[in-house]
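To be precise, the following lines are protein04.cif, and they hold mmCIF, C-alpha atoms.
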```
data_protein
#
loop_
_atom_site.label_atom_id
_atom_site.label_comp_id
_atom_site.auth_asym_id
_atom_site.auth_seq_id
_atom_site.Cartn_x
_atom_site.Cartn_y
_atom_site.Cartn_z
CA MET P 1 -6.25 -9.73 -54.22
CA ASN P 2 -4.85 -12.72 -52.40
CA ARG P 3 -2.46 -14.67 -54.53
CA SER P 4 -0.88 -18.07 -54.02
CA LEU P 5 1.91 -19.90 -55.78
CA ARG P 6 1.16 -23.07 -57.61
CA ARG P 7 4.03 -25.36 -58.60
CA SER P 8 4.08 -26.88 -62.09
CA THR P 9 6.81 -29.36 -62.93
CA VAL P 10 8.06 -29.55 -66.52
CA LEU P 11 10.29 -32.46 -67.47
CA LEU P 12 12.94 -31.54 -70.06
CA PRO P 13 14.79 -33.99 -72.35
CA ARG P 14 17.67 -35.82 -70.74
CA ILE P 15 20.94 -34.02 -71.35
CA PRO P 16 23.89 -36.08 -72.58
CA THR P 17 26.64 -36.27 -69.99
CA VAL P 18 30.24 -37.14 -69.98
CA ALA P 19 31.37 -40.46 -68.57
CA GLY P 20 31.17 -40.63 -64.82
CA ALA P 21 28.88 -37.64 -64.50
CA THR P 22 25.41 -38.04 -63.04
CA SER P 23 22.57 -37.46 -65.51
CA PHE P 24 19.43 -35.70 -64.32
CA ALA P 25 16.20 -34.15 -65.61
CA ALA P 26 16.02 -30.41 -65.13
CA ARG P 27 12.91 -29.04 -63.45
CA ARG P 28 11.49 -25.54 -63.62
CA SER P 29 8.64 -24.09 -61.57
CA TYR P 30 6.19 -21.46 -62.77
CA ALA P 31 3.93 -19.17 -60.78
CA PHE P 32 0.26 -18.92 -61.73
CA ASN P 33 -2.40 -16.48 -60.56
CA ALA P 34 -4.72 -18.21 -58.15
CA ALA P 35 -8.43 -18.35 -58.86
CA ALA P 36 -10.64 -15.69 -57.30
CA PRO P 37 -11.32 -16.23 -53.60
CA PRO P 38 -14.49 -18.24 -52.92
CA ILE P 39 -17.66 -16.20 -52.42
CA HIS P 40 -18.98 -16.31 -48.89
CA GLN P 41 -22.36 -18.02 -49.11
CA VAL P 42 -25.05 -16.55 -46.85
CA PHE P 43 -28.24 -17.59 -48.62
CA ASN P 44 -29.35 -20.89 -50.10
CA ARG P 45 -30.31 -19.81 -53.63
CA ARG P 46 -32.19 -23.04 -54.36
CA THR P 47 -34.26 -22.64 -51.19
CA LYS P 48 -35.11 -19.09 -52.22
CA TRP P 49 -36.13 -20.29 -55.68
CA LEU P 50 -38.42 -22.93 -54.14
CA GLN P 51 -39.98 -20.36 -51.81
CA LYS P 52 -40.77 -18.02 -54.70
CA GLU P 53 -42.18 -20.87 -56.80
CA ARG P 54 -44.46 -22.03 -53.98
CA ALA P 55 -45.59 -18.50 -53.19
CA ALA P 56 -46.50 -17.77 -56.80
CA ALA P 57 -48.38 -21.06 -57.11
CA ASP P 58 -51.06 -19.61 -54.77
CA VAL P 59 -51.94 -16.85 -57.24
CA GLU P 60 -54.69 -15.16 -55.24
CA HIS P 61 -52.79 -14.92 -51.95
CA SER P 62 -49.57 -13.98 -53.76
CA ARG P 63 -51.29 -11.07 -55.52
CA VAL P 64 -52.83 -9.83 -52.28
CA ALA P 65 -49.41 -9.89 -50.58
CA ASP P 66 -47.81 -7.87 -53.39
CA TYR P 67 -48.81 -4.56 -51.75
CA LEU P 68 -45.29 -3.93 -50.44
CA LYS P 69 -43.47 -4.81 -53.67
CA ASP P 70 -45.94 -2.71 -55.67
CA GLU P 71 -45.40 0.28 -53.38
CA VAL P 72 -41.61 0.04 -53.52
CA ALA P 73 -41.66 -0.38 -57.31
CA THR P 74 -43.80 2.77 -57.57
CA ARG P 75 -41.40 4.79 -55.40
CA LEU P 76 -38.46 3.45 -57.38
CA CYS P 77 -40.00 4.45 -60.72
CA ASP P 78 -40.82 7.92 -59.36
CA ARG P 79 -37.07 8.57 -59.37
CA LEU P 80 -37.12 8.29 -63.15
CA LEU P 81 -39.32 11.41 -63.30
CA ASP P 82 -36.23 13.50 -62.49
CA ILE P 83 -34.22 11.97 -65.34
CA LYS P 84 -35.42 13.49 -68.60
CA ARG P 85 -34.40 10.69 -70.92
CA SER P 86 -35.83 7.98 -73.14
CA TYR P 87 -34.63 4.41 -72.70
CA PRO P 88 -34.58 2.20 -75.80
CA LYS P 89 -33.50 -0.93 -73.89
CA VAL P 90 -34.17 -1.48 -70.16
CA LEU P 91 -33.42 -4.44 -67.88
CA ASP P 92 -35.52 -5.30 -64.81
CA LEU P 93 -33.21 -7.52 -62.75
CA GLY P 94 -35.02 -9.78 -60.26
CA ALA P 95 -38.41 -8.73 -61.60
CA ASN P 96 -40.48 -10.90 -59.23
CA SER P 97 -44.03 -10.64 -60.69
CA CYS P 98 -43.07 -7.63 -62.88
CA ASN P 99 -44.00 -5.05 -60.23
CA ILE P 100 -41.80 -2.46 -61.97
CA ALA P 101 -43.59 -2.99 -65.29
CA ARG P 102 -46.92 -2.32 -63.54
CA ALA P 103 -45.52 0.84 -61.95
CA LEU P 104 -44.20 2.10 -65.28
CA THR P 105 -47.68 1.94 -66.81
CA ARG P 106 -49.39 4.06 -64.13
CA GLU P 107 -51.51 6.94 -65.37
CA ASN P 108 -50.39 10.46 -64.37
CA PRO P 109 -47.25 9.43 -62.44
CA ASP P 110 -45.92 12.99 -62.02
CA PRO P 111 -47.52 14.66 -58.95
CA ASN P 112 -46.45 18.09 -60.24
CA HIS P 113 -48.56 17.69 -63.37
CA PRO P 114 -52.19 16.55 -63.03
CA THR P 115 -52.05 14.96 -66.46
CA SER P 116 -48.82 13.24 -67.48
CA ASP P 117 -47.93 10.29 -69.68
CA PRO P 118 -46.95 6.96 -68.12
CA ILE P 119 -43.20 6.47 -67.79
CA ALA P 120 -43.60 3.45 -70.08
CA THR P 121 -43.97 5.83 -73.02
CA ARG P 122 -40.25 6.64 -72.65
CA ILE P 123 -39.20 2.98 -72.70
CA GLY P 124 -38.58 1.17 -75.96
CA HIS P 125 -38.30 -2.37 -74.61
CA LEU P 126 -38.29 -3.81 -71.09
CA LEU P 127 -36.60 -7.15 -70.43
CA ALA P 128 -37.83 -8.63 -67.13
CA VAL P 129 -35.67 -11.44 -65.72
CA ASP P 130 -36.06 -13.64 -62.65
CA SER P 131 -35.07 -17.12 -61.51
CA SER P 132 -38.66 -18.14 -60.69
CA GLN P 133 -40.67 -18.87 -63.82
CA THR P 134 -43.96 -19.24 -61.94
CA LEU P 135 -43.59 -15.84 -60.28
CA LEU P 136 -42.27 -14.11 -63.41
CA TYR P 137 -45.22 -15.25 -65.56
CA ARG P 138 -47.87 -15.06 -62.84
CA ASP P 139 -49.43 -11.87 -64.21
CA ALA P 140 -48.55 -12.30 -67.89
CA ASP P 141 -52.25 -12.15 -68.85
CA LEU P 142 -53.08 -8.89 -67.02
CA PRO P 143 -53.88 -5.67 -68.96
CA PHE P 144 -50.65 -3.80 -68.07
CA ASN P 145 -48.71 -6.14 -70.37
CA HIS P 146 -50.39 -4.48 -73.38
CA GLN P 147 -49.30 -1.01 -72.22
CA ILE P 148 -45.56 -1.67 -72.35
CA ASN P 149 -43.24 -3.57 -74.69
CA ILE P 150 -42.12 -6.30 -72.29
CA THR P 151 -40.30 -9.60 -72.66
CA ARG P 152 -39.79 -12.11 -69.85
CA GLN P 153 -36.70 -14.30 -69.47
CA VAL P 154 -35.97 -16.92 -66.82
CA LEU P 155 -32.41 -16.90 -65.45
CA SER P 156 -30.90 -20.03 -63.97
CA ASP P 157 -28.83 -17.86 -61.63
CA GLU P 158 -29.45 -14.18 -60.93
CA GLU P 159 -25.85 -13.84 -59.72
CA THR P 160 -24.51 -14.45 -63.25
CA LEU P 161 -25.86 -12.06 -65.88
CA PRO P 162 -25.72 -13.51 -69.43
CA PHE P 163 -25.76 -10.17 -71.23
CA GLU P 164 -23.20 -8.43 -73.40
CA ALA P 165 -21.28 -5.40 -72.21
CA ASN P 166 -22.69 -1.94 -72.98
CA SER P 167 -26.09 -3.32 -73.99
CA PHE P 168 -28.65 -1.54 -71.74
CA ASP P 169 -29.70 2.10 -71.43
CA LEU P 170 -31.11 1.56 -67.92
CA VAL P 171 -31.05 -1.22 -65.33
CA LEU P 172 -33.72 -1.38 -62.63
CA SER P 173 -33.96 -3.73 -59.66
CA SER P 174 -36.61 -3.76 -56.95
CA LEU P 175 -36.51 -6.00 -53.87
CA SER P 176 -34.27 -8.77 -55.15
CA LEU P 177 -30.67 -7.72 -54.42
CA HIS P 178 -30.98 -8.49 -50.70
CA TRP P 179 -30.96 -12.23 -51.55
CA ILE P 180 -27.72 -12.04 -53.54
CA ASN P 181 -24.64 -13.71 -52.03
CA ASP P 182 -22.07 -11.85 -54.15
CA LEU P 183 -23.55 -8.34 -54.12
CA PRO P 184 -20.27 -6.59 -55.11
CA GLY P 185 -19.90 -8.98 -58.05
CA VAL P 186 -23.47 -8.47 -59.28
CA LEU P 187 -23.14 -4.68 -59.05
CA ALA P 188 -19.94 -4.89 -61.11
CA GLN P 189 -21.79 -6.98 -63.71
CA ILE P 190 -24.60 -4.42 -63.82
CA ASN P 191 -22.04 -1.69 -64.43
CA ASN P 192 -20.54 -3.78 -67.24
CA ILE P 193 -23.82 -4.33 -69.14
CA LEU P 194 -24.81 -0.64 -68.94
CA LYS P 195 -23.94 1.72 -71.76
CA PRO P 196 -21.65 4.64 -70.83
CA ASP P 197 -23.39 7.48 -68.98
CA CYS P 198 -26.44 5.30 -68.22
CA ALA P 199 -27.96 4.65 -64.82
CA PHE P 200 -28.66 1.81 -62.45
CA VAL P 201 -31.62 2.45 -60.15
CA GLY P 202 -32.29 -0.10 -57.41
CA ALA P 203 -34.15 -0.72 -54.17
CA MET P 204 -33.51 -3.36 -51.55
CA PHE P 205 -34.36 -4.21 -47.96
CA GLY P 206 -31.66 -3.07 -45.57
CA GLY P 207 -30.57 -2.28 -42.06
CA ASP P 208 -33.35 -2.41 -39.51
CA THR P 209 -35.97 -4.15 -41.66
CA LEU P 210 -38.25 -6.22 -39.40
CA PHE P 211 -36.23 -5.32 -36.31
CA GLU P 212 -39.39 -5.82 -34.23
CA LEU P 213 -39.75 -9.42 -35.40
CA ARG P 214 -36.03 -10.07 -35.05
CA THR P 215 -35.86 -8.94 -31.41
CA SER P 216 -39.10 -10.61 -30.30
CA LEU P 217 -38.16 -13.96 -31.87
CA GLN P 218 -34.74 -13.88 -30.24
CA LEU P 219 -36.26 -13.19 -26.83
CA ALA P 220 -38.95 -15.85 -27.30
CA GLU P 221 -36.42 -18.52 -28.28
CA GLN P 222 -34.08 -17.56 -25.48
CA GLU P 223 -36.95 -17.90 -23.01
CA ARG P 224 -38.44 -21.14 -24.35
CA ARG P 225 -35.39 -22.98 -25.70
CA GLY P 226 -32.40 -21.40 -24.00
CA GLY P 227 -30.78 -20.27 -27.27
CA ILE P 228 -31.43 -18.57 -30.57
CA SER P 229 -31.24 -19.44 -34.26
CA PRO P 230 -31.41 -17.10 -37.29
CA HIS P 231 -34.95 -16.51 -38.56
CA VAL P 232 -34.54 -13.06 -40.17
CA SER P 233 -31.96 -12.62 -42.92
CA PRO P 234 -28.89 -10.41 -42.45
CA LEU P 235 -29.19 -7.22 -44.50
CA ALA P 236 -26.81 -4.60 -45.88
CA ASP P 237 -26.49 -1.31 -44.04
CA VAL P 238 -27.08 1.97 -45.86
CA ARG P 239 -23.52 3.07 -44.97
CA ASP P 240 -22.14 0.11 -46.94
CA VAL P 241 -24.20 0.52 -50.11
CA GLY P 242 -22.42 3.65 -51.32
CA GLY P 243 -19.06 1.95 -50.91
CA LEU P 244 -20.27 -1.12 -52.82
CA LEU P 245 -21.51 1.03 -55.71
CA GLN P 246 -18.24 2.94 -55.82
CA ARG P 247 -16.24 -0.28 -55.73
CA ALA P 248 -18.31 -1.57 -58.68
CA GLY P 249 -17.27 1.47 -60.73
CA PHE P 250 -20.39 3.63 -60.50
CA LYS P 251 -20.15 7.43 -60.44
CA MET P 252 -22.42 10.26 -59.24
CA LEU P 253 -23.97 8.11 -56.53
CA THR P 254 -27.25 8.77 -54.73
CA VAL P 255 -28.30 6.61 -51.77
CA ASP P 256 -31.29 7.32 -49.54
CA VAL P 257 -33.43 5.48 -47.00
CA ASP P 258 -37.17 5.24 -46.61
CA ASP P 259 -39.08 3.38 -43.89
CA ILE P 260 -42.42 1.75 -44.73
CA ILE P 261 -44.38 0.71 -41.64
CA VAL P 262 -47.21 -1.79 -42.12
CA ASP P 263 -49.70 -2.68 -39.39
CA TYR P 264 -50.82 -6.29 -38.94
CA PRO P 265 -53.42 -7.85 -36.61
CA ASP P 266 -50.82 -10.25 -35.17
CA THR P 267 -47.44 -11.84 -35.86
CA PHE P 268 -49.07 -14.82 -37.56
CA ALA P 269 -50.57 -12.57 -40.24
CA LEU P 270 -47.16 -10.92 -40.70
CA MET P 271 -45.40 -14.26 -41.19
CA GLN P 272 -48.09 -15.50 -43.58
CA ASP P 273 -47.67 -12.41 -45.75
CA LEU P 274 -43.88 -12.76 -45.73
CA GLN P 275 -44.30 -16.33 -46.95
CA ALA P 276 -46.77 -15.24 -49.65
CA MET P 277 -44.24 -12.62 -50.81
CA GLY P 278 -41.54 -15.29 -51.06
CA GLU P 279 -39.58 -13.39 -48.40
CA ASN P 280 -39.27 -16.14 -45.81
CA ASN P 281 -35.94 -17.23 -44.35
CA ALA P 282 -33.35 -18.74 -46.72
CA VAL P 283 -30.18 -18.41 -44.63
CA LEU P 284 -27.71 -21.27 -44.87
CA GLY P 285 -27.45 -23.17 -41.60
CA ARG P 286 -30.93 -22.19 -40.47
CA GLU P 287 -32.88 -24.67 -38.37
CA MET P 288 -34.96 -26.87 -40.64
CA GLY P 289 -38.69 -27.17 -40.11
CA GLY P 290 -41.20 -24.72 -38.69
CA ILE P 291 -40.82 -22.68 -35.53
CA GLN P 292 -42.23 -24.46 -32.49
CA ARG P 293 -45.74 -23.51 -31.38
CA ASP P 294 -44.73 -22.36 -27.91
CA VAL P 295 -42.04 -20.11 -29.41
CA LEU P 296 -44.57 -18.58 -31.82
CA LEU P 297 -47.03 -17.86 -29.01
CA ALA P 298 -44.29 -16.34 -26.84
CA ASN P 299 -43.09 -14.30 -29.82
CA ASP P 300 -46.57 -12.83 -30.39
CA ALA P 301 -46.88 -11.83 -26.73
CA ILE P 302 -43.39 -10.27 -26.59
CA TYR P 303 -43.91 -8.45 -29.91
CA ARG P 304 -47.12 -6.86 -28.60
CA GLU P 305 -45.53 -5.90 -25.31
CA LEU P 306 -42.46 -4.29 -26.86
CA HIS P 307 -43.82 -2.84 -30.10
CA GLY P 308 -47.61 -3.13 -30.16
CA ASN P 309 -49.94 -0.28 -31.15
CA GLU P 310 -52.63 1.09 -28.87
CA ASP P 311 -55.39 -0.33 -31.11
CA GLY P 312 -54.10 -3.88 -30.64
CA SER P 313 -52.32 -4.17 -33.99
CA ILE P 314 -48.58 -4.61 -34.41
CA PRO P 315 -46.25 -2.55 -36.64
CA ALA P 316 -43.64 -4.04 -38.95
CA THR P 317 -40.89 -1.77 -40.27
CA PHE P 318 -39.47 -2.31 -43.75
CA ARG P 319 -36.40 -0.14 -44.30
CA MET P 320 -35.86 0.52 -47.98
CA ILE P 321 -32.47 1.52 -49.41
CA TYR P 322 -32.75 3.27 -52.78
CA MET P 323 -29.64 3.70 -54.89
CA ILE P 324 -28.71 5.38 -58.15
CA GLY P 325 -25.34 5.01 -59.83
CA TRP P 326 -24.11 6.06 -63.26
CA LYS P 327 -21.66 4.24 -65.48
CA GLU P 328 -18.62 6.37 -66.15
CA SER P 329 -18.33 8.23 -69.46
CA LYS P 330 -15.83 10.67 -70.93
CA ASP P 331 -18.59 13.25 -71.47
CA GLN P 332 -20.00 12.85 -67.96
CA ALA P 333 -19.99 15.72 -65.48
CA LYS P 334 -17.17 15.31 -62.96
CA PRO P 335 -16.33 17.08 -59.70
CA LEU P 336 -13.53 19.62 -59.85
CA PRO P 337 -10.14 18.60 -58.43
CA ARG P 338 -9.62 19.16 -54.73
CA GLY P 339 -8.23 22.63 -54.05
CA SER P 340 -9.41 24.16 -57.32
CA GLY P 341 -12.17 26.26 -55.70
CA GLU P 342 -11.82 30.04 -55.98
CA ILE P 343 -14.29 31.01 -53.23
CA ASN P 344 -13.58 30.42 -49.57
CA LEU P 345 -16.59 28.91 -47.80
CA LYS P 346 -15.54 30.68 -44.60
CA ASP P 347 -15.92 34.09 -46.29
CA VAL P 348 -19.40 33.17 -47.54
CA LEU P 349 -20.55 32.11 -44.08
CA GLU P 350 -19.11 35.23 -42.41
CA ARG P 351 -21.15 37.46 -44.72
CA LYS P 352 -24.31 35.89 -43.42
#
```

For this file, write the structure as structure tokens.
Amino acid sequence: MNRSLRRSTVLLPRIPTVAGATSFAARRSYAFNAAAPPIHQVFNRRTKWLQKERAAADVEHSRVADYLKDEVATRLCDRLLDIKRSYPKVLDLGANSCNIARALTRENPDPNHPTSDPIATRIGHLLAVDSSQTLLYRDADLPFNHQINITRQVLSDEETLPFEANSFDLVLSSLSLHWINDLPGVLAQINNILKPDCAFVGAMFGGDTLFELRTSLQLAEQERRGGISPHVSPLADVRDVGGLLQRAGFKMLTVDVDDIIVDYPDTFALMQDLQAMGENNAVLGREMGGIQRDVLLANDAIYRELHGNEDGSIPATFRMIYMIGWKESKDQAKPLPRGSGEINLKDVLERK
């Protein structure tokens, strides 16, 4: 941690002096720990809140565009099938429209068993939190709410979690962490609010998500305007996620990648769906206002030329990073110390 010295002057009582001597006030300086270094701001959190509020206000279009978030939430919840536990108290961080709650109430979620109970039967209470009240409560009247014990709570800032330490048996997060400025700090907070030997399971956009749109927009702007501006958000790489989880104090890490490719009729349909998802650009320093018409037309032509499908549609790649980390516990399984193995791997391989 960077530290700096801060001078504090303390005036002491004047000391009596003998005649002819110069009197003075003694001064002492103390060193204080500096405040934490400022967090590098990448995203405008207020802009993102406004985008989610506006998207959720168009209920019909917003629900239609939830296909991606519903699919990712389903794949995220499938990972709970391998963890044979019950969860009295669960947190859904960045719940959006409660896509995880819907996924938890699915009938027969286990593909290995034709008839299986919904995962929601293993959950005592689900607390769904998000900064956007309109999006969080958008589907509060749908039937799935009666199949799970769920409470919704609006957070003023998803980067500051107002929960006590060791209070949750499971923390889930689907497609919200990629808008966090202080991702290491939020992961550390998640680790803090988990009970010992309990898991965090998350999913976020990463790496090469929308690389087709990124490259075509850059080429279109370079051609039409002679320069480029950011239109697609920077995303974490899968190689960094494991390090961030480890830095936050998680143990027994699992990180994997899954690409979801969605076909669209054109780039305009893609951008409309991104806006309806609340996933439009919120980068600080972005150019205000819409993209110019000539740039949009050039982008569509370049996208089709570079990435288009034979049937005339265009593919859009969404790279999902799934992560599982466990809070450390004294009773938790731990790897043996380095050098404690009794079998030489070389001997095993030579036998084969």

One decimal place gives the atom CA of Leu253 of chain P-atom CA of Asn191 of chain P separation as 12.7 Å

Give me, as a PyMOL selection string, all polymer residues having an atom no more than 8 Å from segment 167-183 of chain P, counting only C-alpha atoms and skipping those fewer than 3 positions away in the same chain. chain P and resi 39-43+45+69+72-73+76+87-96+100+158-159+163-164+186-187+190+193-195+198-206+235-236

Quick one: what's the axis-aligned box for segment 163-179 of chain P, all listed atoms, 4 Å on every side, centre and edges in Å to one decimal, as JSON?
```
{"center_x": -28.9, "center_y": -5.1, "center_z": -62.3, "size_x": 23.3, "size_y": 22.3, "size_z": 31.3}
```

Taking only residues of segment 243-323 of chain P that have an atom at most 8 Å from an atom of segment 220-229 of chain P, what is each one's shortest atom pair and its distance in Å to one decimal, using all atoms listed in the file, in chain and number order, as a tab-separated table?
```
residue	atom	partner	partner_atom	distance
P:Arg286	CA	P:Ser229	CA	6.8
P:Glu287	CA	P:Ser229	CA	6.9
P:Asp294	CA	P:Arg224	CA	7.3
P:Val295	CA	P:Ala220	CA	5.7
P:Leu296	CA	P:Ala220	CA	7.7
P:Ala298	CA	P:Ala220	CA	5.4
P:Asn299	CA	P:Ala220	CA	5.1
P:Ile302	CA	P:Ala220	CA	7.2
```

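Of the residues under consideration (P:Ile343, P:Val232, P:Ala103, P:Ala56), P:Ala56 shows the shortest atom-to-atom contact distance to Asp139 of chain P when counting only C-alpha atoms.
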
Under the PyMOL selection byres ((chain P and resi 149) around 9), which residues of this model are included? Write them out as a PDB file with C-alpha atoms, in the frame of the given file.
```pdb
ATOM      1  CA  ALA P 120     -43.600   3.450 -70.080  1.00  0.00           C
ATOM      2  CA  ILE P 123     -39.200   2.980 -72.700  1.00  0.00           C
ATOM      3  CA  GLY P 124     -38.580   1.170 -75.960  1.00  0.00           C
ATOM      4  CA  HIS P 125     -38.300  -2.370 -74.610  1.00  0.00           C
ATOM      5  CA  LEU P 126     -38.290  -3.810 -71.090  1.00  0.00           C
ATOM      6  CA  LEU P 127     -36.600  -7.150 -70.430  1.00  0.00           C
ATOM      7  CA  ASN P 145     -48.710  -6.140 -70.370  1.00  0.00           C
ATOM      8  CA  HIS P 146     -50.390  -4.480 -73.380  1.00  0.00           C
ATOM      9  CA  GLN P 147     -49.300  -1.010 -72.220  1.00  0.00           C
ATOM     10  CA  ILE P 148     -45.560  -1.670 -72.350  1.00  0.00           C
ATOM     11  CA  ILE P 150     -42.120  -6.300 -72.290  1.00  0.00           C
ATOM     12  CA  THR P 151     -40.300  -9.600 -72.660  1.00  0.00           C
TER      13      THR P 151
END
```

Given the PyMOL selection byres ((chain P and resi 64) around 12), the residues it picks as a list in words: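 Output of the PyMOL selection byres ((chain P and resi 64) around 12): Ala55, Ala56, Asp58, Val59, Glu60, His61, Ser62, Arg63, Ala65, Asp66, Tyr67, Leu68, Lys69, Asp70, Gln272, Asp273, Leu274, Gln275, Ala276 and Met277 of chain P.
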